[in-house]
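Next up, final.cif (mmCIF, C-alpha atoms):
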```cif
data_upload
loop_
_atom_site.label_atom_id
_atom_site.label_comp_id
_atom_site.auth_asym_id
_atom_site.auth_seq_id
_atom_site.Cartn_x
_atom_site.Cartn_y
_atom_site.Cartn_z
CA MET V 1268 0.00 0.00 0.00
CA SER V 1269 1.23 3.51 -0.79
CA TYR V 1270 0.60 6.50 1.47
CA LYS V 1271 -0.16 10.08 0.53
CA ILE V 1272 1.51 12.44 2.97
CA LEU V 1273 0.86 16.15 3.52
CA ILE V 1274 3.92 17.96 4.93
CA ILE V 1275 3.89 21.37 6.65
CA ASN V 1276 7.13 23.21 7.46
CA PRO V 1277 6.59 26.76 8.78
CA GLY V 1278 9.43 29.29 8.73
CA SER V 1279 9.57 32.84 10.00
CA THR V 1280 8.30 34.45 6.77
CA SER V 1281 7.15 31.44 4.75
CA THR V 1282 5.43 28.09 5.01
CA LYS V 1283 6.72 25.21 2.89
CA ILE V 1284 4.16 22.54 2.08
CA GLY V 1285 4.41 19.35 0.10
CA VAL V 1286 2.43 16.31 -0.89
CA TYR V 1287 4.27 13.01 -1.27
CA GLU V 1288 3.20 9.55 -2.29
CA ASP V 1289 5.57 7.50 -0.17
CA GLU V 1290 8.93 9.11 -1.04
CA THR V 1291 7.83 10.56 -4.39
CA GLN V 1292 7.08 14.26 -4.44
CA LEU V 1293 3.74 15.13 -6.03
CA MET V 1294 3.69 18.82 -5.10
CA GLU V 1295 5.86 21.37 -3.32
CA GLU V 1296 5.09 25.03 -2.68
CA THR V 1297 6.70 27.79 -0.64
CA LEU V 1298 4.04 30.16 0.64
CA ARG V 1299 5.57 33.58 1.28
CA HIS V 1300 4.21 35.79 4.07
CA SER V 1301 4.92 39.50 3.99
CA THR V 1302 6.28 41.38 6.98
CA GLU V 1303 3.00 43.28 7.14
CA GLU V 1304 0.97 40.06 7.27
CA ILE V 1305 3.10 38.57 10.05
CA ALA V 1306 3.20 41.87 11.99
CA GLN V 1307 -0.56 41.68 12.59
CA TYR V 1308 -0.04 38.91 15.14
CA ASP V 1309 1.37 39.37 18.63
CA THR V 1310 2.59 35.77 19.03
CA ILE V 1311 3.63 32.85 16.85
CA TYR V 1312 0.55 30.91 17.93
CA ASP V 1313 -1.71 33.79 16.87
CA GLN V 1314 -0.57 33.16 13.27
CA LYS V 1315 -2.09 29.67 13.28
CA ASP V 1316 -5.42 30.36 11.57
CA PHE V 1317 -3.86 32.72 9.03
CA ARG V 1318 -1.29 30.14 7.98
CA LYS V 1319 -3.83 27.32 8.00
CA ASN V 1320 -6.16 29.21 5.65
CA VAL V 1321 -3.30 30.00 3.27
CA ILE V 1322 -2.30 26.31 3.22
CA LEU V 1323 -5.85 25.11 2.55
CA ASP V 1324 -6.38 27.71 -0.18
CA VAL V 1325 -3.21 26.66 -2.03
CA LEU V 1326 -4.01 22.95 -1.71
CA LYS V 1327 -7.45 23.62 -3.21
CA GLU V 1328 -5.91 25.74 -5.96
CA LYS V 1329 -3.47 22.93 -6.81
CA GLY V 1330 -6.26 20.36 -6.95
CA VAL V 1331 -5.16 18.42 -3.86
CA ASN V 1332 -8.08 16.47 -2.45
CA LEU V 1333 -7.62 16.25 1.33
CA SER V 1334 -9.73 13.09 1.43
CA ASP V 1335 -6.85 11.35 -0.40
CA ILE V 1336 -4.33 12.21 2.33
CA ASN V 1337 -3.40 9.32 4.66
CA VAL V 1338 -1.20 11.19 7.15
CA VAL V 1339 -0.12 14.76 7.94
CA VAL V 1340 3.35 15.58 9.29
CA GLY V 1341 4.65 18.90 10.59
CA ARG V 1342 8.09 20.25 11.41
CA GLY V 1343 8.77 19.92 15.13
CA GLY V 1344 9.49 22.99 17.22
CA LEU V 1345 11.14 24.04 20.47
CA LEU V 1346 9.77 21.33 22.74
CA LYS V 1347 11.47 19.93 25.82
CA PRO V 1348 14.56 17.80 25.09
CA ILE V 1349 13.49 14.45 23.59
CA PRO V 1350 15.14 11.46 21.87
CA GLY V 1351 15.00 11.37 18.09
CA GLY V 1352 12.10 9.80 16.25
CA THR V 1353 8.61 10.37 14.91
CA TYR V 1354 6.17 11.63 17.54
CA ALA V 1355 2.38 11.55 17.58
CA THR V 1356 0.83 14.99 18.12
CA THR V 1357 -0.59 14.31 21.58
CA PRO V 1358 -2.27 17.05 23.66
CA GLU V 1359 0.87 17.37 25.82
CA LEU V 1360 3.08 17.88 22.77
CA LEU V 1361 0.68 20.41 21.25
CA GLU V 1362 0.50 22.40 24.49
CA ASP V 1363 4.30 22.65 24.70
CA LEU V 1364 4.43 23.78 21.07
CA LYS V 1365 1.81 26.41 21.84
CA ILE V 1366 3.65 27.86 24.83
CA GLY V 1367 7.09 27.41 23.27
CA LYS V 1368 8.70 25.20 25.91
CA GLN V 1369 12.22 26.25 24.89
CA GLY V 1370 11.35 29.39 22.95
CA GLN V 1371 9.13 30.89 20.30
CA HIS V 1372 9.79 29.93 16.68
CA ALA V 1373 7.54 29.52 13.65
CA SER V 1374 8.42 25.81 13.51
CA ASN V 1375 6.32 25.41 16.67
CA LEU V 1376 3.27 25.77 14.42
CA GLY V 1377 4.20 22.73 12.33
CA GLY V 1378 2.79 20.11 14.67
CA ILE V 1379 -0.19 22.28 15.60
CA LEU V 1380 -1.23 22.85 11.98
CA ALA V 1381 -0.64 19.18 11.11
CA SER V 1382 -2.81 18.09 14.03
CA GLU V 1383 -5.71 20.41 13.16
CA ILE V 1384 -5.81 19.52 9.46
CA ALA V 1385 -5.41 15.80 10.20
CA ALA V 1386 -8.26 15.89 12.72
CA GLU V 1387 -10.58 17.38 10.10
CA ILE V 1388 -9.94 14.46 7.71
CA ASN V 1389 -9.61 11.82 10.45
CA VAL V 1390 -6.01 10.72 9.77
CA PRO V 1391 -2.96 10.55 12.08
CA SER V 1392 -0.47 13.40 12.45
CA TYR V 1393 3.16 13.50 13.56
CA ILE V 1394 6.29 15.57 13.95
CA VAL V 1395 9.77 14.22 13.13
CA ASP V 1396 13.17 14.83 14.75
CA PRO V 1397 12.73 18.42 15.97
CA VAL V 1398 15.76 20.62 16.66
CA VAL V 1399 15.55 19.78 20.38
CA VAL V 1400 16.48 16.12 19.89
CA ASP V 1401 18.71 15.31 22.85
CA GLU V 1402 20.59 12.02 23.00
CA LEU V 1403 23.77 13.37 24.59
CA GLN V 1404 25.76 11.04 26.80
CA ASP V 1405 25.99 12.43 30.32
CA VAL V 1406 29.68 13.29 30.11
CA ALA V 1407 28.96 15.53 27.10
CA ARG V 1408 26.63 17.72 29.17
CA ILE V 1409 29.41 19.00 31.44
CA SER V 1410 30.74 22.36 30.27
CA GLY V 1411 33.21 23.38 32.96
CA HIS V 1412 30.87 25.25 35.30
CA PRO V 1413 27.58 24.00 36.80
CA ASN V 1414 25.73 27.17 35.75
CA PHE V 1415 26.35 26.32 32.10
CA GLU V 1416 25.19 22.88 30.99
CA ARG V 1417 25.82 21.92 27.37
CA ILE V 1418 22.54 21.70 25.46
CA SER V 1419 21.60 19.71 22.36
CA ILE V 1420 19.80 21.91 19.81
CA PHE V 1421 20.86 21.35 16.20
CA HIS V 1422 19.90 20.21 12.70
CA ALA V 1423 18.48 16.92 13.93
CA LEU V 1424 16.02 16.38 11.08
CA ASN V 1425 18.65 16.47 8.34
CA GLN V 1426 21.34 14.73 10.40
CA LYS V 1427 19.06 11.80 11.21
CA ALA V 1428 17.69 11.64 7.66
CA VAL V 1429 21.09 11.40 5.95
CA ALA V 1430 22.42 8.96 8.57
CA LYS V 1431 19.45 6.65 7.97
CA ARG V 1432 19.79 7.14 4.21
CA TYR V 1433 23.42 6.03 4.35
CA ALA V 1434 22.48 2.99 6.46
CA LYS V 1435 19.71 2.01 4.03
CA GLU V 1436 21.90 2.46 0.94
CA THR V 1437 24.64 0.29 2.44
CA GLY V 1438 22.29 -2.40 3.69
CA LYS V 1439 23.11 -1.78 7.34
CA ALA V 1440 21.11 -0.81 10.39
CA TYR V 1441 21.56 2.78 11.60
CA GLU V 1442 21.80 1.33 15.11
CA ASP V 1443 24.89 -0.70 14.11
CA LEU V 1444 26.88 2.25 12.77
CA ASN V 1445 29.25 4.90 14.11
CA LEU V 1446 28.91 8.02 11.96
CA ILE V 1447 30.05 11.64 11.98
CA VAL V 1448 27.50 13.85 10.26
CA VAL V 1449 28.55 17.36 9.24
CA HIS V 1450 25.64 19.70 8.47
CA MET V 1451 26.74 22.89 6.69
CA GLY V 1452 24.12 25.56 6.04
CA GLY V 1453 23.41 28.99 7.55
CA GLY V 1454 24.33 27.23 10.79
CA VAL V 1455 26.62 24.24 11.13
CA SER V 1456 26.54 21.20 13.39
CA VAL V 1457 28.77 18.14 13.69
CA GLY V 1458 27.16 15.13 15.36
CA ALA V 1459 28.67 11.90 16.67
CA HIS V 1460 26.14 9.15 15.88
CA LYS V 1461 26.77 5.99 17.87
CA ASN V 1462 24.46 2.99 17.58
CA GLY V 1463 21.43 5.07 16.63
CA ALA V 1464 21.95 7.99 19.05
CA ILE V 1465 23.66 11.36 18.60
CA ILE V 1466 25.81 11.24 21.71
CA ASP V 1467 27.60 14.57 21.21
CA VAL V 1468 26.81 17.73 19.26
CA ALA V 1469 27.03 21.47 19.93
CA ASN V 1470 24.11 23.86 20.52
CA ALA V 1471 23.91 25.13 16.95
CA LEU V 1472 20.96 27.44 17.71
CA ASP V 1473 23.20 29.55 19.93
CA GLY V 1474 26.02 29.24 17.41
CA ASP V 1475 28.32 27.09 19.56
CA GLY V 1476 31.03 24.98 17.95
CA PRO V 1477 32.66 26.03 14.65
CA PHE V 1478 31.58 29.32 13.10
CA SER V 1479 29.18 29.27 10.16
CA PRO V 1480 27.94 31.67 7.48
CA GLU V 1481 25.74 33.42 10.08
CA ARG V 1482 26.97 32.32 13.53
CA SER V 1483 30.13 33.19 15.40
CA GLY V 1484 30.83 29.80 16.93
CA GLY V 1485 32.68 29.35 20.22
CA LEU V 1486 34.08 32.82 20.89
CA PRO V 1487 36.91 33.51 23.39
CA SER V 1488 34.99 33.72 26.67
CA GLY V 1489 37.11 36.45 28.29
CA ALA V 1490 36.81 38.79 25.31
CA LEU V 1491 33.08 38.09 25.06
CA MET V 1492 32.61 38.85 28.76
CA LYS V 1493 34.42 42.20 28.44
CA LEU V 1494 32.38 43.14 25.39
CA CYS V 1495 29.12 42.33 27.19
CA PHE V 1496 30.03 44.63 30.11
CA SER V 1497 31.58 47.39 28.02
CA GLY V 1498 28.32 49.33 27.92
CA LYS V 1499 28.62 49.68 24.15
CA TYR V 1500 26.11 47.00 23.20
CA THR V 1501 22.66 45.84 24.26
CA GLN V 1502 21.92 42.19 24.94
CA ALA V 1503 20.01 42.03 21.65
CA GLU V 1504 22.99 43.44 19.74
CA VAL V 1505 25.37 40.90 21.27
CA ALA V 1506 22.90 38.11 20.52
CA LYS V 1507 22.83 39.22 16.88
CA MET V 1508 26.64 39.20 16.75
CA ILE V 1509 26.61 35.59 17.93
CA ASN V 1510 23.71 34.36 15.80
CA GLY V 1511 22.76 36.16 12.61
CA ASN V 1512 25.52 38.68 12.02
CA GLY V 1513 28.42 36.40 12.93
CA GLY V 1514 30.64 34.16 10.81
CA PHE V 1515 30.90 34.99 7.11
CA ASN V 1516 28.42 37.85 7.60
CA ALA V 1517 30.71 39.53 10.12
CA TYR V 1518 33.96 39.01 8.22
CA LEU V 1519 32.84 39.35 4.60
CA GLY V 1520 29.33 40.83 4.56
CA THR V 1521 27.71 37.77 2.98
CA ASN V 1522 26.26 34.47 4.19
CA ASP V 1523 26.48 32.81 0.77
CA MET V 1524 29.34 30.34 0.33
CA ARG V 1525 29.27 30.93 -3.42
CA ASP V 1526 30.09 34.60 -2.82
CA VAL V 1527 32.83 33.63 -0.37
CA VAL V 1528 34.46 31.37 -2.96
CA LYS V 1529 34.46 34.18 -5.54
CA LEU V 1530 35.90 36.63 -3.01
CA ALA V 1531 38.58 34.14 -1.99
CA GLU V 1532 39.84 33.94 -5.57
CA LYS V 1533 41.02 37.56 -5.45
CA ASP V 1534 41.17 38.54 -1.78
CA ASP V 1535 43.59 37.07 0.76
CA LYS V 1536 41.39 37.96 3.74
CA ALA V 1537 38.40 36.17 2.24
CA LYS V 1538 40.53 33.10 1.50
CA LEU V 1539 41.81 33.07 5.08
CA VAL V 1540 38.25 33.25 6.46
CA MET V 1541 37.13 30.45 4.13
CA ASP V 1542 40.12 28.35 5.17
CA ALA V 1543 39.33 29.02 8.85
CA PHE V 1544 35.73 27.85 8.30
CA HIS V 1545 36.97 24.55 6.91
CA TYR V 1546 39.72 24.31 9.54
CA GLN V 1547 37.31 24.68 12.47
CA LEU V 1548 34.93 22.10 11.04
CA ALA V 1549 37.79 19.67 10.47
CA LYS V 1550 38.88 20.09 14.11
CA GLU V 1551 35.31 19.38 15.21
CA ILE V 1552 35.22 16.24 13.07
CA GLY V 1553 38.45 15.13 14.73
CA SER V 1554 36.92 15.75 18.15
CA MET V 1555 33.89 13.63 17.27
CA ALA V 1556 36.18 10.85 16.07
CA VAL V 1557 37.66 10.81 19.57
CA VAL V 1558 34.14 10.71 21.05
CA LEU V 1559 33.55 7.57 18.96
CA GLY V 1560 36.81 6.03 20.16
CA GLY V 1561 38.37 6.30 16.71
CA LYS V 1562 35.89 3.73 15.37
CA VAL V 1563 34.16 5.74 12.64
CA ASP V 1564 32.37 3.90 9.85
CA GLN V 1565 31.67 6.95 7.70
CA ILE V 1566 31.84 10.74 7.65
CA ILE V 1567 28.78 12.30 5.98
CA LEU V 1568 28.82 15.85 4.58
CA THR V 1569 25.41 17.46 4.08
CA GLY V 1570 23.65 20.83 3.85
CA GLY V 1571 23.85 23.45 1.12
CA ILE V 1572 27.60 24.07 1.48
CA ALA V 1573 28.26 20.39 0.77
CA TYR V 1574 27.65 21.23 -2.91
CA ASN V 1575 30.85 23.31 -2.90
CA ALA V 1576 33.73 21.52 -4.64
CA ILE V 1577 36.41 23.35 -2.61
CA THR V 1578 34.73 22.21 0.62
CA GLN V 1579 34.50 18.64 -0.63
CA GLU V 1580 38.17 18.54 -1.58
CA TYR V 1581 39.28 20.11 1.71
CA PHE V 1582 37.66 17.40 3.79
CA LYS V 1583 38.84 14.63 1.49
CA ASP V 1584 42.38 15.95 2.02
CA THR V 1585 42.17 16.52 5.79
CA VAL V 1586 39.83 14.04 7.47
CA SER V 1587 39.43 11.07 5.11
CA PHE V 1588 42.20 9.30 7.06
CA LEU V 1589 39.64 8.97 9.88
CA ALA V 1590 36.95 7.30 7.75
CA PRO V 1591 35.57 7.29 4.19
CA ILE V 1592 33.46 10.31 3.21
CA THR V 1593 29.95 10.28 1.73
CA ILE V 1594 28.40 13.51 0.44
CA TYR V 1595 24.64 14.16 0.49
CA PRO V 1596 24.45 17.83 -0.50
CA GLY V 1597 21.42 19.97 0.29
CA GLU V 1598 18.79 19.72 2.95
CA ASP V 1599 15.50 18.21 1.78
CA GLU V 1600 13.41 18.81 4.88
CA LEU V 1601 10.09 17.93 3.25
CA LEU V 1602 11.37 14.55 2.12
CA ALA V 1603 12.92 13.92 5.55
CA LEU V 1604 9.56 14.66 7.20
CA ALA V 1605 7.75 12.41 4.73
CA GLN V 1606 10.22 9.58 5.40
CA GLY V 1607 9.73 9.93 9.16
CA ALA V 1608 5.97 9.59 8.83
CA LEU V 1609 6.33 6.76 6.32
CA ARG V 1610 8.52 4.71 8.66
CA VAL V 1611 5.68 4.75 11.19
CA MET V 1612 2.89 4.13 8.68
CA THR V 1613 4.69 1.08 7.25
CA GLY V 1614 5.56 -0.32 10.68
CA GLU V 1615 9.32 0.13 10.26
CA GLU V 1616 9.31 2.25 13.43
CA GLU V 1617 6.84 2.83 16.24
CA ALA V 1618 5.56 6.34 16.83
CA LYS V 1619 6.93 7.80 20.04
CA VAL V 1620 4.84 9.46 22.71
CA TYR V 1621 5.94 12.84 24.03
#
```

Could you spell out this file's structure in structure tokens?
Amino acid sequence: MSYKILIINPGSTSTKIGVYEDETQLMEETLRHSTEEIAQYDTIYDQKDFRKNVILDVLKEKGVNLSDINVVVGRGGLLKPIPGGTYATTPELLEDLKIGKQGQHASNLGGILASEIAAEINVPSYIVDPVVVDELQDVARISGHPNFERISIFHALNQKAVAKRYAKETGKAYEDLNLIVVHMGGGVSVGAHKNGAIIDVANALDGDGPFSPERSGGLPSGALMKLCFSGKYTQAEVAKMINGNGGFNAYLGTNDMRDVVKLAEKDDKAKLVMDAFHYQLAKEIGSMAVVLGGKVDQIILTGGIAYNAITQEYFKDTVSFLAPITIYPGEDELLALAQGALRVMTGEEEAKVY
């Protein structure tokens, strides 16, 4: 039996929707929301009915019959820390999405919208591997001071999807593999996957770890402390330096790796910054190899920057001695969400309860 899946992935100024039949895409649309439209609403949750109506209007316009849909899946939001997997949209999960258990973000609406639309057509609804997936081993939570525990918030959906893709393509079980997955997009994250759990990864939401196109990474703590108390910057301004205006944006005024490559061809500073980006990621890969005891089955490069040939060659030259490298460029979130729902619908996995 095949399954028709409706996918809903809300972002800050857009909502991506898709319809899949199993893993085959039938439709994909990005619904743009203007600043003026979003500004009408005081909270993320207040946007729910507006976004829902836009989704239903576009589905009708595209000739999608909701009665043909077998399951609805939404992007997970800032829930409490949970293990990876596909979760049923229970009342407890929906309440924590509504209040924003770990913060307010448009992705919180994914599960809520999926649940409402699914209820109207009497089919199940789920979320899959939200950013708050937390499978850290206890030793990885210690930072160096008890006031600052290390937190797991990262690109869990894509990391889990490519890890399971690699396992499937090689005829192995994800739970039997040791993998290092390197996600490279606007933010970066490097995860140590051991026997089906991501036992170490940085808090990519706060921009910890290596720097990225938009995030500053692990800054020198003494210098950061002095800057915070200098009186020159507000908390919001410092936050933007760390996440948003950090990394490539801060050094080169762009967050696009393609621009960085062009700049690096004629500018020594740009080349140095690009080299430092690769260098920091390579160090993080080495660290995760130690976490896995040197027993690494594969290193997986993914995210938009994984398309870049210079990046590919750098890692082949510097870290392939640790393990072979597989490259899955891009970040197909809609497909990853569809696959998560499909694994439950076909009985390959059991849905988890929040």

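Ranking V:Lys1315, V:His1300, V:His1422, V:His1545 by their shortest atom-to-atom distance to V:Val1455, with all atoms listed in the file included, puts V:His1422 first.
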
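In terms of minimum interatomic distance to V:Ile1592, V:Leu1568 ranks closest within V:Met1492, V:Val1449, V:Leu1568, V:Met1294, counting all atoms listed in the file.
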
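Selection result for the displayed file, with the PyMOL selection byres ((chain V and resi 1519) around 10) as criterion, is Pro1480, Gly1513, Gly1514, Phe1515, Asn1516, Ala1517, Tyr1518, Gly1520, Thr1521, Asn1522, Asp1523, Asp1526, Val1527, Leu1530, Lys1536, Ala1537, Val1540 and Met1541 of chain V.
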
**OP:** May I ask which of the residues V:Gly1378, V:Gly1485, V:Pro1596, V:Gly1330 is the closest one to V:Gly1570, counting all atoms listed in the file?
**Re:** V:Pro1596

**OP:** Let me know the residues the PyMOL selection byres ((chain V and resi 1338) around 12) catches in the file above, as a VMD selection string.
**Re:** chain V and resid 1269 to 1275 1286 to 1289 1333 to 1337 1339 to 1341 1355 to 1356 1381 to 1394 1604 to 1613

**OP:** Translate the PyMOL selection byres ((chain V and resi 1479) around 8), as applied to the file shown, into an explicit residue set as number ranges by chain.
**Re:** V: 1451-1455, 1474, 1477-1478, 1480-1484, 1513-1515, 1544

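Here atom CA of V:Asp1534 stands at a distance of 18.8 Å from atom CA of V:Ala1576.
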
Subject >> Residue contacts of stretch 1578-1589 of chain V (12 Å, only C-alpha atoms) excluding same-chain residues fewer than 2 positions away, as number ranges by chain >> reply: V: 1445-1447, 1449, 1451, 1524-1525, 1527-1528, 1541-1557, 1559-1576, 1591-1596

At a cut-off of 8 Å, using only C-alpha atoms, what residues contact V:Val1468? Leave out same-chain residues fewer than 3 positions from it and give the result as a compact mmCIF listing (two decimals) with C-alpha atoms, in the frame of the given file.
```txt
# COMPACT_ATOMS: atom_id res chain seq x y z
CA LEU V 1403 23.77 13.37 24.59
CA SER V 1419 21.60 19.71 22.36
CA PHE V 1421 20.86 21.35 16.20
CA SER V 1456 26.54 21.20 13.39
CA VAL V 1457 28.77 18.14 13.69
CA GLY V 1458 27.16 15.13 15.36
CA ALA V 1459 28.67 11.90 16.67
CA ILE V 1465 23.66 11.36 18.60
```

Subject >> All residues 7 Å or closer to V:Tyr1312, all atoms listed in the file, same chain fewer than 2 positions away omitted, as a list of chain:residue names >> reply: V:Thr1310, V:Gln1314, V:Lys1315, V:Lys1365, V:Leu1376

Original post:
What is the distance between atom CA of V:Ile1409 and atom CA of V:Pro1348, in Å to one decimal?
Top reply: 16.2 Å

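One distance worth recording is that between atom CA of V:Ser1279 and atom CA of V:Ile1466, which is 29.5 Å.
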
Starting from the incomplete input, reconstruct N, CA and C atoms of stretch 1599-1621 of chain V and report them as a PDB file, in the coordinates of the input.
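The resulting out23.pdb:
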```pdb
ATOM      1  N   ASP V1599      16.876  18.417   2.248  1.00  0.00           N
ATOM      2  CA  ASP V1599      15.500  18.210   1.780  1.00  0.00           C
ATOM      3  C   ASP V1599      14.617  17.907   2.979  1.00  0.00           C
ATOM      4  N   GLU V1600      14.171  18.979   3.649  1.00  0.00           N
ATOM      5  CA  GLU V1600      13.410  18.810   4.880  1.00  0.00           C
ATOM      6  C   GLU V1600      12.055  18.157   4.630  1.00  0.00           C
ATOM      7  N   LEU V1601      11.402  18.511   3.514  1.00  0.00           N
ATOM      8  CA  LEU V1601      10.090  17.930   3.250  1.00  0.00           C
ATOM      9  C   LEU V1601      10.189  16.420   3.060  1.00  0.00           C
ATOM     10  N   LEU V1602      11.187  15.986   2.305  1.00  0.00           N
ATOM     11  CA  LEU V1602      11.370  14.550   2.120  1.00  0.00           C
ATOM     12  C   LEU V1602      11.713  13.874   3.442  1.00  0.00           C
ATOM     13  N   ALA V1603      12.558  14.506   4.252  1.00  0.00           N
ATOM     14  CA  ALA V1603      12.920  13.920   5.550  1.00  0.00           C
ATOM     15  C   ALA V1603      11.686  13.761   6.439  1.00  0.00           C
ATOM     16  N   LEU V1604      10.796  14.749   6.416  1.00  0.00           N
ATOM     17  CA  LEU V1604       9.560  14.660   7.200  1.00  0.00           C
ATOM     18  C   LEU V1604       8.657  13.552   6.658  1.00  0.00           C
ATOM     19  N   ALA V1605       8.562  13.466   5.336  1.00  0.00           N
ATOM     20  CA  ALA V1605       7.750  12.410   4.730  1.00  0.00           C
ATOM     21  C   ALA V1605       8.298  11.033   5.108  1.00  0.00           C
ATOM     22  N   GLN V1606       9.602  10.875   5.064  1.00  0.00           N
ATOM     23  CA  GLN V1606      10.220   9.580   5.400  1.00  0.00           C
ATOM     24  C   GLN V1606       9.961   9.208   6.854  1.00  0.00           C
ATOM     25  N   GLY V1607      10.000  10.209   7.750  1.00  0.00           N
ATOM     26  CA  GLY V1607       9.730   9.930   9.160  1.00  0.00           C
ATOM     27  C   GLY V1607       8.327   9.414   9.378  1.00  0.00           C
ATOM     28  N   ALA V1608       7.355  10.049   8.719  1.00  0.00           N
ATOM     29  CA  ALA V1608       5.970   9.590   8.830  1.00  0.00           C
ATOM     30  C   ALA V1608       5.799   8.215   8.188  1.00  0.00           C
ATOM     31  N   LEU V1609       6.469   8.018   7.062  1.00  0.00           N
ATOM     32  CA  LEU V1609       6.330   6.760   6.320  1.00  0.00           C
ATOM     33  C   LEU V1609       6.864   5.586   7.132  1.00  0.00           C
ATOM     34  N   ARG V1610       7.964   5.806   7.852  1.00  0.00           N
ATOM     35  CA  ARG V1610       8.520   4.710   8.660  1.00  0.00           C
ATOM     36  C   ARG V1610       7.512   4.223   9.702  1.00  0.00           C
ATOM     37  N   VAL V1611       6.709   5.137  10.218  1.00  0.00           N
ATOM     38  CA  VAL V1611       5.680   4.750  11.190  1.00  0.00           C
ATOM     39  C   VAL V1611       4.498   4.084  10.489  1.00  0.00           C
ATOM     40  N   MET V1612       4.064   4.663   9.379  1.00  0.00           N
ATOM     41  CA  MET V1612       2.890   4.130   8.680  1.00  0.00           C
ATOM     42  C   MET V1612       3.141   2.708   8.165  1.00  0.00           C
ATOM     43  N   THR V1613       4.383   2.412   7.790  1.00  0.00           N
ATOM     44  CA  THR V1613       4.690   1.080   7.250  1.00  0.00           C
ATOM     45  C   THR V1613       5.099   0.091   8.333  1.00  0.00           C
ATOM     46  N   GLY V1614       5.193   0.566   9.591  1.00  0.00           N
ATOM     47  CA  GLY V1614       5.560  -0.320  10.680  1.00  0.00           C
ATOM     48  C   GLY V1614       7.052  -0.518  10.863  1.00  0.00           C
ATOM     49  N   GLU V1615       7.872   0.225  10.095  1.00  0.00           N
ATOM     50  CA  GLU V1615       9.320   0.130  10.260  1.00  0.00           C
ATOM     51  C   GLU V1615       9.754   0.671  11.619  1.00  0.00           C
ATOM     52  N   GLU V1616       9.062   1.691  12.099  1.00  0.00           N
ATOM     53  CA  GLU V1616       9.310   2.250  13.430  1.00  0.00           C
ATOM     54  C   GLU V1616       7.971   2.429  14.130  1.00  0.00           C
ATOM     55  N   GLU V1617       8.028   2.483  15.466  1.00  0.00           N
ATOM     56  CA  GLU V1617       6.840   2.830  16.240  1.00  0.00           C
ATOM     57  C   GLU V1617       6.833   4.313  16.527  1.00  0.00           C
ATOM     58  N   ALA V1618       5.664   4.930  16.474  1.00  0.00           N
ATOM     59  CA  ALA V1618       5.560   6.340  16.830  1.00  0.00           C
ATOM     60  C   ALA V1618       5.871   6.503  18.321  1.00  0.00           C
ATOM     61  N   LYS V1619       6.611   7.533  18.639  1.00  0.00           N
ATOM     62  CA  LYS V1619       6.930   7.800  20.040  1.00  0.00           C
ATOM     63  C   LYS V1619       5.892   8.721  20.653  1.00  0.00           C
ATOM     64  N   VAL V1620       5.793   8.633  21.966  1.00  0.00           N
ATOM     65  CA  VAL V1620       4.840   9.460  22.710  1.00  0.00           C
ATOM     66  C   VAL V1620       5.602  10.490  23.524  1.00  0.00           C
ATOM     67  N   TYR V1621       5.252  11.722  23.375  1.00  0.00           N
ATOM     68  CA  TYR V1621       5.940  12.840  24.030  1.00  0.00           C
ATOM     69  C   TYR V1621       5.734  12.791  25.542  1.00  0.00           C
TER      70      TYR V1621
END
```
